[in-house]
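*Asks:* Hey, dropping coords-v8.txt in here, compact mmCIF, C-alpha atoms and all ligand atoms:
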# COMPACT_ATOMS: atom_id res chain seq x y z
CA MET J 1 -34.50 18.56 -2.52
CA SER J 2 -30.74 18.70 -3.07
CA THR J 3 -29.43 17.10 -6.24
CA GLU J 4 -25.80 17.41 -5.17
CA VAL J 5 -23.82 14.21 -5.80
CA ALA J 6 -21.21 13.43 -3.14
CA THR J 7 -17.66 13.22 -4.51
CA PRO J 8 -16.32 9.69 -3.96
CA PRO J 9 -13.41 9.73 -1.47
CA VAL J 10 -11.67 7.03 -3.51
CA LEU J 11 -11.78 6.93 -7.32
CA GLN J 12 -11.50 3.58 -9.09
CA GLU J 13 -10.22 2.86 -12.57
CA GLN J 14 -9.45 -0.54 -14.07
CA ASP J 15 -7.33 -1.27 -17.13
CA SER J 16 -5.30 -4.27 -18.31
CA GLY J 17 -5.58 -6.12 -15.01
CA VAL J 18 -4.57 -3.05 -12.96
CA LEU J 19 -6.95 -1.38 -10.53
CA THR J 20 -5.97 2.21 -9.73
CA LEU J 21 -7.39 3.62 -6.49
CA THR J 22 -7.03 7.39 -6.14
CA LEU J 23 -7.44 9.01 -2.72
CA ASN J 24 -9.67 11.88 -3.64
CA ARG J 25 -9.90 14.82 -1.22
CA PRO J 26 -7.34 17.07 -2.94
CA GLY J 27 -8.55 20.27 -1.20
CA VAL J 28 -7.16 18.90 2.10
CA LEU J 29 -4.23 17.01 0.51
CA ASN J 30 -6.30 13.80 0.62
CA ALA J 31 -6.64 13.90 4.40
CA ILE J 32 -8.22 10.70 5.62
CA ASN J 33 -11.78 10.46 6.86
CA ASP J 34 -13.78 7.35 7.69
CA GLY J 35 -15.48 7.37 4.29
CA MET J 36 -12.09 7.23 2.57
CA LEU J 37 -10.79 4.37 4.73
CA ASP J 38 -13.98 2.36 4.35
CA ALA J 39 -14.09 2.92 0.58
CA LEU J 40 -10.44 1.88 0.28
CA ALA J 41 -11.01 -1.29 2.32
CA THR J 42 -14.14 -2.17 0.34
CA ALA J 43 -12.43 -1.69 -3.04
CA LEU J 44 -9.51 -3.88 -1.96
CA ARG J 45 -11.80 -6.57 -0.58
CA ASP J 46 -13.79 -6.54 -3.82
CA ALA J 47 -10.50 -7.05 -5.69
CA VAL J 48 -9.91 -10.35 -3.85
CA SER J 49 -12.46 -12.22 -5.95
CA ASP J 50 -12.24 -10.08 -9.11
CA ASP J 51 -10.18 -12.10 -11.62
CA GLY J 52 -9.92 -8.97 -13.76
CA VAL J 53 -7.75 -7.33 -11.09
CA ARG J 54 -4.23 -8.74 -10.81
CA ALA J 55 -2.42 -5.72 -9.36
CA VAL J 56 -3.41 -2.50 -7.60
CA VAL J 57 -1.99 1.03 -7.63
CA ILE J 58 -2.85 3.46 -4.83
CA THR J 59 -2.18 7.15 -5.49
CA GLY J 60 -3.49 10.59 -4.53
CA ALA J 61 -5.45 13.23 -6.44
CA GLY J 62 -3.81 16.63 -6.88
CA ARG J 63 -0.44 17.60 -5.39
CA ALA J 64 -0.36 15.21 -2.40
CA PHE J 65 -0.45 11.50 -1.77
CA CYS J 66 -2.17 11.77 1.62
CA SER J 67 -1.80 14.15 4.60
CA GLY J 68 -2.94 11.62 7.21
CA GLN J 69 -5.97 11.76 9.48
CA ASP J 70 -8.23 14.73 8.74
CA LEU J 71 -7.42 16.87 11.75
CA ARG J 72 -10.46 19.11 11.27
CA SER J 73 -12.93 16.26 11.43
CA ALA J 74 -10.96 14.68 14.31
CA ALA J 75 -11.00 18.00 16.20
CA SER J 76 -14.73 18.54 15.67
CA ASP J 77 -15.49 15.04 16.91
CA GLY J 78 -15.66 15.96 20.62
CA GLU J 79 -15.90 12.44 22.01
CA LEU J 80 -13.47 10.71 19.68
CA ASN J 81 -12.77 7.20 20.88
CA VAL J 82 -9.42 6.78 19.19
CA ARG J 83 -9.04 3.10 20.01
CA ARG J 84 -12.37 2.28 18.48
CA HIS J 85 -11.64 4.57 15.57
CA LEU J 86 -8.33 2.87 14.78
CA ARG J 87 -9.81 -0.59 15.20
CA GLU J 88 -12.94 0.03 13.15
CA HIS J 89 -11.52 2.09 10.29
CA TYR J 90 -7.72 2.05 10.07
CA VAL J 91 -7.09 -1.60 10.92
CA PRO J 92 -9.49 -2.96 8.25
CA ALA J 93 -7.91 -0.73 5.60
CA ILE J 94 -4.36 -1.81 6.46
CA HIS J 95 -5.42 -5.47 6.54
CA ALA J 96 -7.19 -5.09 3.21
CA ILE J 97 -3.87 -4.02 1.63
CA ARG J 98 -1.82 -6.75 3.30
CA ASP J 99 -4.34 -9.59 2.99
CA LEU J 100 -5.00 -9.11 -0.73
CA GLU J 101 -2.95 -11.84 -2.45
CA LYS J 102 -2.18 -9.47 -5.31
CA PRO J 103 0.59 -6.85 -5.40
CA VAL J 104 -0.26 -3.32 -4.27
CA ILE J 105 1.95 -0.44 -5.43
CA GLY J 106 1.92 2.93 -3.70
CA ALA J 107 2.41 5.65 -6.33
CA VAL J 108 3.47 8.48 -4.02
CA ASN J 109 2.83 11.65 -5.98
CA GLY J 110 3.49 14.26 -3.26
CA VAL J 111 3.57 14.48 0.50
CA ALA J 112 2.74 11.32 2.46
CA ALA J 113 2.22 12.45 6.05
CA GLY J 114 1.03 10.74 9.22
CA ALA J 115 -1.31 7.88 8.44
CA GLY J 116 -0.78 8.71 4.75
CA PHE J 117 2.83 7.61 5.25
CA SER J 118 1.47 4.48 6.96
CA LEU J 119 -0.74 3.67 3.97
CA ALA J 120 2.30 3.91 1.68
CA LEU J 121 4.26 1.63 4.02
CA ALA J 122 1.55 -1.04 3.94
CA CYS J 123 1.91 -1.33 0.15
CA ASP J 124 4.20 -4.02 -1.32
CA LEU J 125 6.21 -1.58 -3.43
CA ARG J 126 6.51 2.20 -3.46
CA VAL J 127 7.24 4.33 -6.51
CA ALA J 128 7.73 8.01 -5.68
CA SER J 129 7.75 11.10 -7.84
CA LYS J 130 10.81 13.37 -7.56
CA SER J 131 8.79 15.90 -5.59
CA ALA J 132 7.28 13.37 -3.17
CA SER J 133 8.14 13.55 0.51
CA PHE J 134 7.52 11.45 3.59
CA LEU J 135 6.68 12.86 6.99
CA GLN J 136 6.05 11.02 10.24
CA ALA J 137 3.88 13.96 11.29
CA PHE J 138 2.41 12.29 14.38
CA VAL J 139 4.97 13.59 16.88
CA ARG J 140 4.40 17.15 15.68
CA ILE J 141 0.90 16.99 17.15
CA GLY J 142 1.78 14.93 20.22
CA LEU J 143 0.78 11.50 18.90
CA ILE J 144 2.58 8.25 18.28
CA PRO J 145 2.78 6.79 14.76
CA ASP J 146 -0.15 4.48 14.06
CA ALA J 147 -1.96 2.73 11.21
CA SER J 148 0.98 0.27 10.96
CA SER J 149 3.91 2.74 10.84
CA THR J 150 5.58 1.35 13.97
CA TYR J 151 5.34 -2.13 12.44
CA PHE J 152 6.50 -1.56 8.88
CA LEU J 153 8.91 1.37 9.12
CA PRO J 154 11.59 -0.23 11.39
CA ARG J 155 11.36 -3.44 9.34
CA LEU J 156 11.85 -1.49 6.14
CA ILE J 157 14.60 0.98 7.03
CA GLY J 158 15.90 -0.33 10.40
CA PRO J 159 15.02 0.68 13.96
CA ALA J 160 17.51 3.54 14.31
CA ARG J 161 16.40 5.33 11.16
CA ALA J 162 12.76 4.69 12.01
CA ALA J 163 13.26 6.17 15.49
CA GLU J 164 14.86 9.25 13.96
CA LEU J 165 12.02 9.85 11.51
CA MET J 166 9.35 9.18 14.13
CA MET J 167 10.89 11.18 17.00
CA LEU J 168 12.10 14.17 15.01
CA GLY J 169 9.17 14.35 12.61
CA GLU J 170 11.40 15.67 9.84
CA SER J 171 10.43 15.47 6.20
CA VAL J 172 12.30 12.96 3.98
CA GLU J 173 12.65 13.91 0.31
CA ALA J 174 12.24 11.30 -2.43
CA LYS J 175 15.97 11.09 -3.21
CA ARG J 176 16.80 10.29 0.43
CA ALA J 177 13.83 7.90 0.64
CA LEU J 178 15.40 5.90 -2.19
CA GLU J 179 18.81 5.90 -0.48
CA ILE J 180 17.42 4.46 2.77
CA GLY J 181 15.22 1.87 1.08
CA LEU J 182 11.93 3.54 1.90
CA VAL J 183 10.90 3.53 -1.76
CA ASN J 184 11.76 1.21 -4.64
CA ARG J 185 11.98 3.80 -7.41
CA VAL J 186 11.92 7.55 -7.95
CA VAL J 187 10.67 8.87 -11.27
CA ALA J 188 9.90 12.24 -12.85
CA ASP J 189 6.71 13.81 -11.51
CA GLU J 190 4.92 13.69 -14.86
CA ALA J 191 5.87 10.02 -15.40
CA LEU J 192 4.78 8.70 -12.00
CA LEU J 193 1.39 7.23 -12.79
CA LYS J 194 2.54 5.83 -16.11
CA GLU J 195 5.56 4.16 -14.49
CA ALA J 196 3.61 2.83 -11.51
CA ARG J 197 0.93 1.43 -13.80
CA ALA J 198 3.54 -0.10 -16.11
CA LEU J 199 5.12 -1.83 -13.13
CA ALA J 200 1.68 -2.98 -11.95
CA ALA J 201 0.84 -4.21 -15.47
CA ARG J 202 4.06 -6.24 -15.50
CA LEU J 203 3.12 -7.81 -12.18
CA ALA J 204 -0.44 -8.33 -13.45
CA GLN J 205 0.94 -10.54 -16.20
CA GLY J 206 2.87 -12.61 -13.69
CA PRO J 207 1.93 -16.00 -12.26
CA ARG J 208 -0.37 -16.84 -9.36
CA SER J 209 2.75 -17.36 -7.23
CA ILE J 210 3.18 -13.56 -6.90
CA GLY J 211 0.25 -13.66 -4.47
CA PHE J 212 1.92 -16.51 -2.60
CA ILE J 213 5.19 -14.53 -2.47
CA LYS J 214 3.29 -11.67 -0.82
CA HIS J 215 1.78 -14.10 1.65
CA ALA J 216 5.21 -15.62 2.42
CA LEU J 217 6.73 -12.18 2.98
CA ASN J 218 3.84 -11.19 5.27
CA ARG J 219 4.50 -14.24 7.39
CA SER J 220 8.31 -13.92 7.34
CA LEU J 221 8.06 -10.60 9.19
CA ASN J 222 7.44 -12.44 12.46
CA ASN J 223 8.65 -15.98 11.92
CA ASP J 224 11.89 -17.66 12.92
CA LEU J 225 13.78 -19.66 10.29
CA ASP J 226 12.11 -23.00 10.97
CA ALA J 227 8.63 -21.56 10.97
CA GLN J 228 9.36 -19.78 7.71
CA LEU J 229 10.76 -22.93 6.11
CA LEU J 230 7.39 -24.53 6.87
CA VAL J 231 5.59 -21.58 5.29
CA GLU J 232 7.71 -22.07 2.15
CA GLU J 233 6.81 -25.77 2.06
CA GLU J 234 3.11 -24.99 2.38
CA LEU J 235 3.09 -22.25 -0.25
CA GLN J 236 5.36 -24.09 -2.68
CA ASP J 237 2.99 -27.02 -2.43
CA ALA J 238 0.14 -24.65 -3.34
CA ALA J 239 2.17 -23.07 -6.17
CA THR J 240 2.94 -26.42 -7.78
CA GLY J 241 -0.82 -27.02 -7.97
CA THR J 242 -1.47 -23.92 -10.09
CA ALA J 243 -2.09 -23.75 -13.82
CA ASP J 244 0.61 -21.08 -13.97
CA PHE J 245 3.28 -23.49 -12.70
CA PHE J 246 2.29 -25.93 -15.43
CA GLU J 247 2.41 -23.11 -17.99
CA GLY J 248 5.77 -21.84 -16.69
CA VAL J 249 7.44 -25.24 -16.97
CA SER J 250 5.78 -25.99 -20.36
CA ALA J 251 6.94 -22.62 -21.73
CA PHE J 252 10.48 -23.28 -20.54
CA LEU J 253 10.60 -26.71 -22.16
CA GLU J 254 9.05 -25.41 -25.38
CA LYS J 255 11.47 -22.45 -25.43
CA ARG J 256 8.69 -19.82 -25.62
CA PRO J 257 7.57 -16.96 -23.33
CA ALA J 258 5.10 -18.04 -20.64
CA ARG J 259 1.53 -16.78 -20.79
CA PHE J 260 0.34 -16.70 -17.18
CA SER J 261 -3.36 -16.55 -16.35
CA GLY J 262 -3.07 -15.76 -12.65
CA ARG J 263 -4.62 -19.14 -11.80
O1 LIG J 301 -8.17 9.81 14.75
C1 LIG J 301 -7.35 8.90 14.82
O2 LIG J 301 -7.66 7.73 14.59
C2 LIG J 301 -5.91 9.24 15.14
C3 LIG J 301 -5.08 8.92 13.95
C4 LIG J 301 -4.12 9.75 13.54
C5 LIG J 301 -3.33 9.45 12.37
C6 LIG J 301 -2.63 10.65 11.77
O3 LIG J 301 -2.48 10.67 10.58
S1 LIG J 301 -2.11 11.91 12.78
C7 LIG J 301 -1.24 12.98 11.64
C8 LIG J 301 -2.21 13.87 10.88
N1 LIG J 301 -1.54 14.62 9.83
C9 LIG J 301 -0.77 15.67 10.08
O4 LIG J 301 -0.51 16.05 11.20
C10 LIG J 301 -0.27 16.44 8.87
C11 LIG J 301 -0.98 17.78 8.80
N2 LIG J 301 -0.59 18.50 7.58
C12 LIG J 301 0.58 19.09 7.45
O5 LIG J 301 1.46 19.05 8.29
C13 LIG J 301 0.80 19.83 6.15
O6 LIG J 301 -0.45 20.10 5.58
C14 LIG J 301 1.65 19.04 5.13
C15 LIG J 301 3.10 18.97 5.61
C16 LIG J 301 1.10 17.63 4.91
C17 LIG J 301 1.63 19.79 3.78
O7 LIG J 301 1.97 21.13 3.98
P1 LIG J 301 1.70 22.21 2.83
O8 LIG J 301 2.30 23.49 3.28
O9 LIG J 301 2.17 21.65 1.52
O10 LIG J 301 0.10 22.33 2.71
P2 LIG J 301 -0.89 23.07 3.74
O11 LIG J 301 -1.07 24.49 3.32
O12 LIG J 301 -0.50 22.80 5.14
O13 LIG J 301 -2.25 22.25 3.47
C18 LIG J 301 -3.10 22.55 2.35
C19 LIG J 301 -4.53 22.44 2.84
O14 LIG J 301 -4.78 21.10 3.30
C20 LIG J 301 -4.78 23.34 4.08
O15 LIG J 301 -6.12 23.77 4.01
P3 LIG J 301 -6.47 25.32 3.68
O16 LIG J 301 -5.73 26.15 4.66
O17 LIG J 301 -5.98 25.50 2.26
O18 LIG J 301 -7.95 25.39 3.83
C21 LIG J 301 -4.60 22.39 5.22
O19 LIG J 301 -5.30 22.79 6.40
C22 LIG J 301 -5.21 21.14 4.65
N3 LIG J 301 -4.70 19.96 5.35
C23 LIG J 301 -3.46 19.42 5.22
N4 LIG J 301 -3.37 18.35 6.01
C24 LIG J 301 -4.54 18.21 6.63
C25 LIG J 301 -5.40 19.23 6.21
N5 LIG J 301 -6.65 19.35 6.68
C26 LIG J 301 -7.07 18.43 7.57
N6 LIG J 301 -6.30 17.43 8.02
C27 LIG J 301 -5.04 17.27 7.58
N7 LIG J 301 -4.30 16.23 8.00
Would it be possible to restate this file's structure as C-alpha cells?
Ligand code: T3D
*Replies:*
Amino acid sequence: MSTEVATPPVLQEQDSGVLTLTLNRPGVLNAINDGMLDALATALRDAVSDDGVRAVVITGAGRAFCSGQDLRSAASDGELNVRRHLREHYVPAIHAIRDLEKPVIGAVNGVAAGAGFSLALACDLRVASKSASFLQAFVRIGLIPDASSTYFLPRLIGPARAAELMMLGESVEAKRALEIGLVNRVVADEALLKEARALAARLAQGPRSIGFIKHALNRSLNNDLDAQLLVEEELQDAATGTADFFEGVSAFLEKRPARFSGR
C-alpha cells in the first residue's frame, strides 16, 4: 500500500486576520488543474463564514504566480468539454473571489499567464514583485482569453490596451503594469509577501463596510448611474446598522483611533 501523501494544490496559512492561499504546483509554474481550482474555491467559500479571516492574499509557490491552465493535463484529456470545464471549475473559483465580502489581494510573485492572469484580475488589488510579468497567453495557443479576463481587463486598463494585450499576446513587465493601472503597487521581489500581507493586515483591521465597498464596486461594473445610486442607498443603510459604524463615530467624537471588529 502506498503511503505517499498528495501535495495540496493550494496551501493555506492564517495569521492576524489574513488568510494566505498559495498556488502550489511550482514544478509547472503553478499551472492550473481542477484540484487547484476546486481547492481555491473551497478555501474562499470557507472564508465567508470564518470571522478570523478578514482579508485574503493569493500568491504562487516558487518563481511564478500561475502559468494558466495546465496544458499537459488538458492535452491528455482527449474528450475535453471546455464549456463544461469552464462552468464547473473556473466559474466557481472566479465567483468565490468576487463574492467574498472581504478584500482579496493578488501578490503576483512572477509570471501570471493565461488563466493565471485572469485569477490576478479577479482580485480586488494586485501587488506585483519587480520581476513579475503578465501574459495574455491564450492567443499564442489559438484560444480566446477566459476565466474573466475579457470582463475585467478592459474595465481595468481600457478596451484598446486590453485588445492589444489579448491580440498580440505580449508580456507586460511589472513597471509597465503599474503605469497602465494593471497593478496597484510594485515592490522588491524579496519584500512582496511581507508587503502584500501588511496591506491585507491593514484592510483586516478595517470596518465591515470594506466588504460592502467590494459589493458596491462589483455592482457598479454593469450599472447605470441611477441603478448604482440605489445600490449605494441599500449598502449605506446596511453599513449604518453595523457595530463598526457605531465604533467609527464614537471614536471620532471621543478623539481616539477606532477599533473595528469587522461586524
Ligand atoms: O481547459 C480549459 O478550460 C481552457 C482554459 C484555458 C485557460 C488558459 O489558461 S490557456 C493558457 C495556458 N497557459 C499558457 O499557454 C502558458 C504556457 N506557459 C508558457 O508560455 C511559459 O511557461 C511561461 C511564459 C508562463 C513561462 O516561461 P518560462 O520560460 O519562464 O518557463 P518554462 O520553461 O516555459 O516552464 C517551466 C516548466 O513549467 C516547463 O516544464 P519542464 O519543461 O521544466 O518540465 C513547462 O512545460 C511548465 N509549464 C509552464 N506552463 C505550463 C507548464 N506546464 C503545463 N501547463 C502550463 N500552462
*Asks:* Quick one: contact table of chain J to ligand LIG 301 (chain J), 7 Å max, nearest atom pair and distance in Å to one decimal per residue, counting only C-alpha atoms and all ligand atoms, chain and number order, as a Markdown table?
*Replies:*
| residue | atom | partner | partner_atom | distance |
| --- | --- | --- | --- | --- |
| J:Gly27 | CA | J:LIG301 | O14 | 5.9 |
| J:Val28 | CA | J:LIG301 | O14 | 3.5 |
| J:Leu29 | CA | J:LIG301 | O14 | 5.0 |
| J:Ala31 | CA | J:LIG301 | N7 | 4.9 |
| J:Ser67 | CA | J:LIG301 | C16 | 4.5 |
| J:Gly68 | CA | J:LIG301 | O3 | 3.5 |
| J:Gln69 | CA | J:LIG301 | O3 | 3.8 |
| J:Asp70 | CA | J:LIG301 | N6 | 3.4 |
| J:Leu71 | CA | J:LIG301 | N6 | 3.9 |
| J:Arg72 | CA | J:LIG301 | C26 | 5.1 |
| J:Ala74 | CA | J:LIG301 | O1 | 5.6 |
| J:Val82 | CA | J:LIG301 | O2 | 5.0 |
| J:His85 | CA | J:LIG301 | O2 | 5.2 |
| J:Leu86 | CA | J:LIG301 | O2 | 4.9 |
| J:Val111 | CA | J:LIG301 | C16 | 6.0 |
| J:Ala112 | CA | J:LIG301 | C16 | 7.0 |
| J:Ala113 | CA | J:LIG301 | C16 | 5.4 |
| J:Gly114 | CA | J:LIG301 | O3 | 3.8 |
| J:Ala115 | CA | J:LIG301 | O3 | 3.7 |
| J:Gly116 | CA | J:LIG301 | O3 | 6.4 |
| J:Ala137 | CA | J:LIG301 | O4 | 4.9 |
| J:Phe138 | CA | J:LIG301 | C7 | 4.6 |
| J:Arg140 | CA | J:LIG301 | O4 | 6.7 |
| J:Ile141 | CA | J:LIG301 | O4 | 6.2 |
| J:Leu143 | CA | J:LIG301 | S1 | 6.8 |
| J:Asp146 | CA | J:LIG301 | C5 | 6.1 |
| J:Ala147 | CA | J:LIG301 | C5 | 7.0 |
*Asks:* What's the 9 Å shell around Ala177 in chain J, counting only C-alpha atoms, without same-chain residues fewer than 4 positions away, as a count of residues only?
*Replies:* 10
*Asks:* Rounded to one decimal, what separation in Å do you get between CA of Leu119 in chain J and CA of Glu164 in chain J?
*Replies:*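 Between CA of Leu119 in chain J and CA of Glu164 in chain J the gap is 19.3 Å.
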*Asks:* Hey, which of J:Val127, J:Ala204, J:Ile157, J:Ala174 ends up closest to Gly52 in chain J? Count only C-alpha atoms.
*Replies:*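 Distance minimum relative to Gly52 in chain J lands on J:Ala204.
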*Asks:* Leu203 in chain J: which residues within 8 Å, counting only C-alpha atoms, same-chain residues fewer than 5 positions away excluded, as number ranges by chain?
*Replies:* J: 54-55, 103, 210
*Asks:* Could you please determine the separation between CA of Gln136 in chain J and CA of Ala160 in chain J in Å, to one decimal place?
*Replies:* 14.3 Å
*Asks:* Around (11.4, 0.9, 13.1) in the file's frame, which residues reach within 12 Å when counting only C-alpha atoms? Return as a PyMOL selection string?
*Replies:* chain J and resi 121+136+145+148-167+182
*Asks:* So that I can see what lies close to range 190-195 of chain J, please list as a PyMOL selection string the residues with an atom at most 10 Å from it, counting all atoms listed in the file and leaving out residues fewer than 4 positions away in the same chain.
*Replies:* chain J and resi 20+57-59+107-109+127-130+185-186+199-201
*Asks:* Could you name the residues that touch Pro257 in chain J at 12 Å or less, counting all atoms listed in the file, but leaving out those on the same chain fewer than 4 positions away, as a list in words?
*Replies:* Gln205, Gly206, Glu247, Gly248, Val249, Ser250, Ala251, Phe252 and Leu253 of chain J
*Asks:* At a cut-off of 7 Å, using all atoms listed in the file, what residues contact Leu11 in chain J? Leave out same-chain residues fewer than 6 positions from it and give the result as a PyMOL selection string.
*Replies:* chain J and resi 21-24
*Asks:* Enumerate, as a list in words, the protein, DNA and RNA residues whose atoms approach (-7.6, 0.0, -12.1) to within 9 Å, taking into account all atoms listed in the file and the coordinate frame of the file.
*Replies:*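 So the residues meeting the distance criterion are Gln12, Glu13, Gln14, Asp15, Ser16, Gly17, Val18, Leu19, Thr20, Leu21, Val53, Ala55, Val56, Val57 and Arg197 of chain J.
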*Asks:* Any chance you can output those residues with C-alpha atoms as an mmCIF file, in the frame of the given file?
*Replies:*
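After the write, out-v8.cif holds the following:
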data_model
loop_
_atom_site.group_PDB
_atom_site.id
_atom_site.type_symbol
_atom_site.label_atom_id
_atom_site.label_comp_id
_atom_site.auth_asym_id
_atom_site.auth_seq_id
_atom_site.Cartn_x
_atom_site.Cartn_y
_atom_site.Cartn_z
ATOM 1 C CA GLN J 12 -11.500 3.580 -9.090
ATOM 2 C CA GLU J 13 -10.220 2.860 -12.570
ATOM 3 C CA GLN J 14 -9.450 -0.540 -14.070
ATOM 4 C CA ASP J 15 -7.330 -1.270 -17.130
ATOM 5 C CA SER J 16 -5.300 -4.270 -18.310
ATOM 6 C CA GLY J 17 -5.580 -6.120 -15.010
ATOM 7 C CA VAL J 18 -4.570 -3.050 -12.960
ATOM 8 C CA LEU J 19 -6.950 -1.380 -10.530
ATOM 9 C CA THR J 20 -5.970 2.210 -9.730
ATOM 10 C CA LEU J 21 -7.390 3.620 -6.490
ATOM 11 C CA VAL J 53 -7.750 -7.330 -11.090
ATOM 12 C CA ALA J 55 -2.420 -5.720 -9.360
ATOM 13 C CA VAL J 56 -3.410 -2.500 -7.600
ATOM 14 C CA VAL J 57 -1.990 1.030 -7.630
ATOM 15 C CA ARG J 197 0.930 1.430 -13.800
#
*Asks:* Find the distance between CA of Pro26 in chain J and CA of Ala64 in chain J and write it in Å to one decimal.
*Replies:*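 It comes out at 7.2 Å.
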*Asks:* Looking at all atoms listed in the file, which of J:Ala216, J:Ala196, J:Cys123, J:Ile180 is the one that sits closest to Ala238 in chain J?
*Replies:*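 Smallest distance to Ala238 in chain J is found for J:Ala216.
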*Asks:* My list of candidates is J:Phe65, J:Pro9, J:Val91, J:Glu101. Which is closest to Asp50 in chain J when distances are computed with all atoms listed in the file?
*Replies:*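 Of J:Phe65, J:Pro9, J:Val91, J:Glu101, the one nearest Asp50 in chain J is J:Glu101, counting all atoms listed in the file.
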